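Peer 1: Got a file for you: structure-v4.txt, compact mmCIF, C-alpha atoms.
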```
# COMPACT_ATOMS: atom_id res chain seq x y z
CA MET K 21 0.00 0.00 0.00
CA ALA K 22 1.48 3.27 -1.13
CA THR K 23 0.24 6.49 0.37
CA VAL K 24 0.67 10.15 -0.42
CA GLU K 25 -0.39 12.60 2.24
CA LEU K 26 -0.94 16.27 1.67
CA ARG K 27 -1.60 19.04 4.16
CA PHE K 28 -2.40 22.53 3.01
CA SER K 29 -3.43 25.81 4.61
CA ALA K 30 -7.16 26.33 4.31
CA LEU K 31 -6.93 28.75 1.40
CA PRO K 32 -8.93 28.50 -1.86
CA GLU K 33 -5.81 28.88 -4.02
CA HIS K 34 -4.41 25.57 -2.75
CA VAL K 35 -7.42 23.48 -3.76
CA ARG K 36 -6.19 23.31 -7.34
CA THR K 37 -2.86 21.88 -6.13
CA ALA K 38 -4.74 19.17 -4.23
CA ARG K 39 -6.72 18.32 -7.38
CA LEU K 40 -3.59 18.02 -9.49
CA VAL K 41 -1.78 15.86 -6.94
CA ALA K 42 -4.80 13.59 -6.47
CA ALA K 43 -5.23 13.10 -10.21
CA ALA K 44 -1.52 12.34 -10.67
CA VAL K 45 -1.48 9.75 -7.87
CA ALA K 46 -4.76 8.24 -9.09
CA ARG K 47 -3.35 7.84 -12.59
CA ARG K 48 -0.27 6.14 -11.19
CA ALA K 49 -2.43 3.83 -9.11
CA GLY K 50 -4.21 2.61 -12.23
CA VAL K 51 -7.51 4.49 -12.03
CA ASP K 52 -9.10 4.48 -15.47
CA GLU K 53 -8.32 7.57 -17.56
CA ALA K 54 -12.03 8.15 -18.14
CA VAL K 55 -12.58 8.39 -14.38
CA LEU K 56 -9.75 10.80 -13.60
CA ASP K 57 -11.98 13.80 -14.29
CA GLU K 58 -14.34 12.51 -11.62
CA VAL K 59 -11.51 12.02 -9.14
CA ARG K 60 -10.30 15.55 -9.82
CA LEU K 61 -13.76 17.03 -9.37
CA ALA K 62 -14.65 14.99 -6.28
CA VAL K 63 -11.41 15.77 -4.44
CA GLY K 64 -11.78 19.43 -5.40
CA GLU K 65 -15.29 19.51 -3.98
CA ALA K 66 -14.20 17.81 -0.76
CA CYS K 67 -11.25 20.18 -0.33
CA SER K 68 -13.33 23.28 -1.14
CA ARG K 69 -15.81 22.20 1.49
CA ALA K 70 -13.07 21.62 4.07
CA VAL K 71 -11.49 25.01 3.29
CA GLY K 72 -14.88 26.68 3.70
CA LEU K 73 -15.50 24.93 7.02
CA HIS K 74 -12.08 25.90 8.39
CA ARG K 75 -12.41 29.49 7.27
CA SER K 76 -15.92 29.99 8.59
CA ALA K 77 -14.94 28.47 11.94
CA GLY K 78 -11.66 30.42 12.10
CA ILE K 79 -9.54 27.26 12.28
CA ASP K 80 -5.84 27.75 11.52
CA SER K 81 -4.88 24.11 11.10
CA PRO K 82 -4.40 22.67 7.61
CA VAL K 83 -6.77 20.54 5.56
CA ARG K 84 -5.58 16.93 5.28
CA VAL K 85 -5.74 14.78 2.14
CA VAL K 86 -4.64 11.15 2.21
CA LEU K 87 -4.32 9.31 -1.10
CA SER K 88 -4.00 5.55 -0.73
CA GLU K 89 -3.20 2.99 -3.34
CA GLU K 90 -4.73 -0.26 -2.17
CA GLU K 91 -4.98 -3.70 -3.68
CA LYS K 92 -7.90 -3.18 -6.00
CA LYS K 93 -8.90 0.37 -5.26
CA PHE K 94 -7.63 3.87 -4.91
CA SER K 95 -9.00 5.80 -1.96
CA ILE K 96 -9.01 9.42 -0.91
CA GLU K 97 -9.71 10.84 2.53
CA VAL K 98 -10.23 14.54 2.98
CA GLY K 99 -10.27 15.57 6.62
CA ASP K 100 -11.24 18.82 8.26
CA GLU K 101 -11.05 19.90 11.88
CA ALA K 102 -14.31 21.79 12.01
CA PRO K 103 -16.42 20.37 14.84
CA GLN K 104 -19.90 19.54 13.63
CA GLY K 105 -21.51 17.82 16.56
CA PRO K 106 -22.29 14.15 17.04
CA ALA K 107 -25.43 14.14 14.92
CA GLY K 108 -23.47 15.21 11.87
CA SER K 109 -25.28 18.47 11.46
CA GLY K 110 -24.14 20.23 8.32
CA VAL K 111 -24.21 17.00 6.39
CA PRO K 112 -27.35 16.55 4.31
CA PRO K 113 -29.44 13.66 5.62
CA ALA K 114 -29.83 12.07 2.22
CA ARG K 115 -27.32 11.72 -0.58
CA THR K 116 -29.89 12.40 -3.19
CA GLY K 117 -27.84 12.88 -6.33
CA ALA K 118 -29.78 14.78 -8.96
CA ALA K 119 -32.47 17.08 -7.69
CA THR K 120 -35.82 16.18 -9.17
CA HIS K 121 -37.49 19.56 -9.07
CA PRO K 122 -34.83 22.23 -9.04
CA ASP K 123 -36.20 25.66 -8.41
CA PRO K 124 -33.63 28.43 -8.87
CA GLU K 125 -35.19 30.43 -6.07
CA ARG K 126 -34.45 27.61 -3.67
CA LEU K 127 -31.10 26.52 -5.04
CA PRO K 128 -28.01 27.19 -3.00
CA GLU K 129 -26.19 30.32 -3.94
CA GLU K 130 -22.77 31.40 -2.92
CA PRO K 131 -21.47 31.16 -0.30
CA SER K 132 -24.01 29.66 2.09
CA GLY K 133 -25.22 26.69 0.07
CA GLU K 134 -21.95 25.63 -1.57
CA ASP K 135 -21.40 23.00 1.05
CA GLU K 136 -24.64 21.26 0.18
CA MET K 137 -24.14 21.47 -3.57
CA GLY K 138 -20.55 20.22 -3.22
CA LEU K 139 -21.75 17.13 -1.39
CA ALA K 140 -24.47 16.63 -3.99
CA VAL K 141 -21.81 16.65 -6.73
CA ILE K 142 -19.63 14.17 -4.82
CA SER K 143 -22.60 11.87 -4.20
CA GLY K 144 -23.57 12.03 -7.86
CA LEU K 145 -20.04 11.25 -9.03
CA VAL K 146 -18.68 8.69 -6.62
CA ASP K 147 -20.31 5.32 -5.95
CA ASP K 148 -18.27 4.56 -2.85
CA VAL K 149 -18.40 7.58 -0.57
CA GLU K 150 -18.77 8.04 3.16
CA VAL K 151 -19.19 11.32 5.01
CA THR K 152 -18.64 11.36 8.75
CA SER K 153 -18.22 14.09 11.31
CA ASP K 154 -17.96 14.51 15.05
CA ASP K 155 -16.81 17.11 17.53
CA GLN K 156 -13.21 16.69 16.28
CA GLY K 157 -13.97 17.37 12.65
CA GLY K 158 -15.19 15.61 9.54
CA VAL K 159 -13.86 13.16 6.98
CA ILE K 160 -15.02 12.42 3.44
CA ARG K 161 -13.84 9.00 2.25
CA MET K 162 -14.10 8.09 -1.42
CA SER K 163 -12.72 5.24 -3.45
CA TRP K 164 -12.47 4.11 -7.04
CA PRO K 165 -11.60 0.70 -8.48
CA THR K 166 -8.19 0.34 -10.11
CA ASN K 167 -6.97 -1.76 -12.95
CA PRO K 168 -3.65 -3.26 -11.81
CA ASP K 169 -2.45 -3.63 -15.38
CA SER K 170 -2.83 -0.02 -16.33
CA GLY K 171 -0.88 1.53 -13.44
CA THR K 172 2.69 2.72 -13.92
CA SER K 173 4.11 1.30 -10.70
CA MET X 280 -4.73 27.62 -15.21
CA ASP X 281 -6.42 30.81 -14.16
CA LEU X 282 -9.80 32.07 -15.19
CA SER X 283 -10.17 34.27 -18.26
CA LEU X 284 -13.20 36.44 -18.92
CA SER X 285 -14.23 38.62 -21.83
CA THR X 286 -17.54 40.20 -22.72
CA ARG X 287 -19.07 41.48 -25.93
CA ASN X 288 -22.46 42.73 -26.97
CA VAL X 289 -24.35 41.00 -29.75
CA SER X 290 -27.65 41.97 -31.35
CA GLY X 291 -30.03 39.09 -31.88
CA PRO X 292 -33.58 38.75 -33.18
CA SER X 293 -34.90 38.97 -29.60
CA GLY X 294 -32.78 41.99 -28.70
CA ASP X 295 -29.33 42.76 -27.40
CA ARG X 296 -27.40 40.03 -25.63
CA THR X 297 -24.18 40.20 -23.66
CA VAL X 298 -21.90 37.26 -24.30
CA VAL X 299 -19.51 36.38 -21.47
CA GLU X 300 -16.73 34.15 -22.75
CA VAL X 301 -15.21 32.13 -19.92
CA GLY X 302 -11.96 30.17 -20.16
CA GLY X 303 -9.84 28.13 -17.79
CA GLU X 304 -10.89 26.79 -14.42
CA ILE X 305 -13.92 27.89 -12.39
CA ASP X 306 -13.35 26.73 -8.84
CA VAL X 307 -13.44 27.94 -5.26
CA TYR X 308 -10.51 30.28 -5.95
CA THR X 309 -11.53 31.77 -9.30
CA ALA X 310 -15.35 31.73 -9.05
CA PRO X 311 -15.47 35.08 -7.17
CA LYS X 312 -14.05 36.77 -10.31
CA LEU X 313 -16.90 35.37 -12.40
CA ARG X 314 -19.39 36.45 -9.73
CA GLU X 315 -18.01 40.00 -9.79
CA GLN X 316 -18.28 40.09 -13.58
CA LEU X 317 -21.90 38.92 -13.59
CA VAL X 318 -22.88 41.32 -10.79
CA GLU X 319 -21.20 44.19 -12.62
CA LEU X 320 -23.01 43.41 -15.87
CA VAL X 321 -26.40 43.30 -14.14
CA ASN X 322 -25.64 46.50 -12.24
CA ASP X 323 -24.80 48.14 -15.56
CA GLY X 324 -28.14 47.10 -17.02
CA SER X 325 -27.21 43.97 -19.00
CA TYR X 326 -30.05 41.60 -18.16
CA HIS X 327 -29.78 39.12 -21.04
CA LEU X 328 -26.60 37.14 -20.66
CA VAL X 329 -25.07 34.28 -22.64
CA VAL X 330 -22.25 32.54 -20.80
CA ASP X 331 -20.01 30.77 -23.29
CA MET X 332 -18.32 27.89 -21.46
CA GLU X 333 -16.60 26.24 -24.39
CA GLY X 334 -13.19 27.31 -23.09
CA VAL X 335 -13.81 26.06 -19.55
CA ASP X 336 -11.50 23.23 -18.48
CA PHE X 337 -12.89 22.70 -15.01
CA LEU X 338 -16.11 23.60 -13.22
CA ASP X 339 -17.09 22.78 -9.65
CA SER X 340 -20.06 23.48 -7.39
CA THR X 341 -18.71 26.90 -6.48
CA GLY X 342 -18.97 27.82 -10.16
CA LEU X 343 -22.48 26.37 -10.32
CA GLY X 344 -23.42 28.53 -7.33
CA VAL X 345 -22.15 31.64 -9.11
CA LEU X 346 -24.15 30.79 -12.25
CA VAL X 347 -27.28 30.21 -10.16
CA GLY X 348 -26.63 33.57 -8.47
CA GLY X 349 -26.34 35.22 -11.90
CA LEU X 350 -29.60 33.63 -12.99
CA LYS X 351 -31.38 34.95 -9.92
CA ARG X 352 -30.05 38.45 -10.55
CA VAL X 353 -31.12 38.64 -14.20
CA ARG X 354 -34.51 37.11 -13.43
CA ALA X 355 -35.10 39.89 -10.93
CA HIS X 356 -35.01 42.19 -13.99
CA GLU X 357 -37.05 39.90 -16.27
CA GLY X 358 -33.78 38.91 -17.91
CA SER X 359 -32.23 35.64 -19.02
CA LEU X 360 -29.03 33.66 -18.59
CA ARG X 361 -28.21 31.07 -21.21
CA LEU X 362 -25.23 28.76 -21.30
CA VAL X 363 -23.21 27.51 -24.26
CA CYS X 364 -21.54 24.17 -23.63
CA ASN X 365 -20.76 21.06 -25.66
CA GLN X 366 -18.24 19.47 -23.32
CA GLU X 367 -19.53 16.23 -21.85
CA ARG X 368 -17.49 16.50 -18.65
CA ILE X 369 -18.94 19.93 -17.91
CA LEU X 370 -22.50 18.98 -18.94
CA LYS X 371 -22.31 16.01 -16.57
CA ILE X 372 -21.99 18.34 -13.58
CA PHE X 373 -25.16 20.17 -14.61
CA ARG X 374 -26.95 16.85 -15.01
CA ILE X 375 -26.02 15.32 -11.66
CA THR X 376 -27.10 18.47 -9.84
CA GLY X 377 -30.36 18.73 -11.80
CA LEU X 378 -29.36 22.13 -13.17
CA THR X 379 -30.01 21.13 -16.78
CA LYS X 380 -33.64 21.80 -15.86
CA VAL X 381 -32.78 25.29 -14.65
CA PHE X 382 -30.41 26.62 -17.31
CA PRO X 383 -31.12 26.70 -21.03
CA ILE X 384 -27.97 25.06 -22.48
CA HIS X 385 -27.11 25.69 -26.13
CA THR X 386 -24.60 24.21 -28.52
CA SER X 387 -23.44 27.53 -29.98
CA VAL X 388 -23.38 31.23 -29.13
CA GLU X 389 -25.40 31.91 -32.30
CA GLU X 390 -28.14 29.55 -31.16
CA ALA X 391 -28.20 31.09 -27.66
CA VAL X 392 -28.33 34.64 -28.98
CA ALA X 393 -31.15 33.73 -31.38
CA ALA X 394 -33.22 31.98 -28.70
CA GLU X 395 -36.48 33.62 -27.73
CA ASP X 396 -37.20 34.24 -24.09
```
Show me this structure written as structure tokens.

Peer 2:
Amino acid sequence: MATVELRFSALPEHVRTARLVAAAVARRAGVDEAVLDEVRLAVGEACSRAVGLHRSAGIDSPVRVVLSEEEKKFSIEVGDEAPQGPAGSGVPPARTGAATHPDPERLPEEPSGEDEMGLAVISGLVDDVEVTSDDQGGVIRMSWPTNPDSGTS
Amino acid sequence: MDLSLSTRNVSGPSGDRTVVEVGGEIDVYTAPKLREQLVELVNDGSYHLVVDMEGVDFLDSTGLGVLVGGLKRVRAHEGSLRLVCNQERILKIFRITGLTKVFPIHTSVEEAVAAED
């Protein structure tokens, strides 16, 4: 199991760096080329959300991204240190994917509803995703299958 | 890659349209620039906007939020906001969020400019 870990200050300008690193490691791990766009987008959404949570809570510590190459999958964990309470408030109760009746008047606009829309994008993109949070912070775990023959290890 | 923005006015059969050509990456860092541009256009009285996204390499939910914000602003003035996009990876983001039902999405600037409101 090979792992790359990244920690960055909770600033929007560093989210792109996290996307690029995640896509590069995913490619190396053998994630299908057609799926790399999804990896890039999902990790960007997770990092943007973590940056937003740190900034709104005034947390100075960095956002943590762990990229793990496992036997048949590639997994990403994005961790924040924003306490969200034991019930996981702030996380939508249902990972609904596509909204069935979008009404622009009720859609999230910047910056308040980004969190919700970001999670909706992640849920729509990634089959294997888990969002957890407690009083220490939150973690988004995502994984994608890999093809061992296509990696460059 | 950073975000690039340029605007031009075009006269169509339904009236004047302002085309906003966007290039590069729209994410949590660059989206505020797009928001400022859209707010400025509406404040200056441009209520019929066509956002050309053919040069966009990356779009995330922050960018979607800015576009939704733009739509709300023009609608407050009986205006319109149409998108031009043929890129599957960008269209996919509109589909999974259900926003294809909210934004008129066209295959060319000409088609968007000619569309009747």

Peer 1: Considering only C-alpha atoms, state which residue in the set K:Ser143, K:Gln104, K:Thr152, K:Ser88 is at the smallest distance from K:Thr166.

Peer 2: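 Ranked by minimum distance to K:Thr166, first place goes to K:Ser88.
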
Peer 1: Please return, as a list in words, all residues of chain X lying within 8 Å of chain K when all atoms listed in the file are considered.

Peer 2: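 The answer, sorted by residue number, is Val307, Tyr308, Leu338, Asp339, Ser340, Thr341, Gly344, Val345, Val347, Gly348, Leu350, Lys351, Arg368, Ile372, Arg374, Ile375, Thr376, Gly377, Leu378, Lys380 and Val381 of chain X.
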
Peer 1: Would you work out the distance separating atom CA of K:Ala44 from atom CA of K:Ser95, expressed in Å to one decimal?

Peer 2: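 For atom CA of K:Ala44 relative to atom CA of K:Ser95, the distance reads 13.2 Å.
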
Peer 1: Determine, counting only C-alpha atoms, which protein, DNA and RNA residues have an atom within 10 Å of an atom of K:Val51; residues of the same chain fewer than 5 positions away are not included. Present the result as a list in words.

Peer 2: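 The residues satisfying every condition are Ala43, Ala44, Val45, Ala46, Leu56, Val59, Glu89, Lys92, Lys93, Phe94, Trp164, Pro165, Thr166, Asn167, Pro168, Ser170 and Gly171 of chain K.
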
Peer 1: Atom CA of K:Gly157 to atom CA of K:Gly99: how many Å, to one decimal?

Peer 2: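 Separation between atom CA of K:Gly157 and atom CA of K:Gly99: 7.3 Å.
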
Peer 1: Might you pull out every residue within 12 Å of X:Ser387, with only C-alpha atoms counted and same-chain residues fewer than 4 positions away left off, and present them as a list in words?

Peer 2: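 Contacts, in chain order: Val298, Glu300, Val329, Val330, Asp331, Met332, Glu333, Arg361, Leu362, Val363, Cys364, Asn365, Gln366, Pro383, Ala391, Val392, Ala393 and Ala394 of chain X.
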
Peer 1: Would you compute an axis-aligned box for stretch 27-41 of chain K, covering every atom listed for it in the file with 4 Å of margin on each side, and report centre and edge lengths in Å to one decimal as lines of an AutoDock Vina configuration file?

Peer 2:
```
center_x = -5.3
center_y = 22.4
center_z = -2.4
size_x = 15.3
size_y = 21.0
size_z = 22.1
```

Peer 1: How many Å separate atom CA of K:Pro82 from atom CA of K:Phe28?

Peer 2: 5.0 Å

Peer 1: Excluding K:Val151 and its own-chain neighbours fewer than 5 positions away, which residues fall within 8 Å of it when counting all atoms listed in the file? Please give them as a CSV table (one decimal) with C-alpha atoms, in the coordinates of the input.

Peer 2:
```
chain,number,residue,atom,x,y,z
K,111,VAL,CA,-24.2,17.0,6.4
K,158,GLY,CA,-15.2,15.6,9.5
K,159,VAL,CA,-13.9,13.2,7.0
K,160,ILE,CA,-15.0,12.4,3.4
K,161,ARG,CA,-13.8,9.0,2.2
```

Peer 1: Fewer than 6 positions away in the same chain doesn't count, so skip those; otherwise give me all residues within 8 Å of X:Asp336, counting all atoms listed in the file, as a VMD selection string.

Peer 2: chain X and resid 302 to 304

Peer 1: Which is closer to K:Asp100 than all the others in K:Ala30, K:Ala49, K:Val63, K:Val24, using only C-alpha atoms?

Peer 2: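 Nearest to K:Asp100: K:Ala30.
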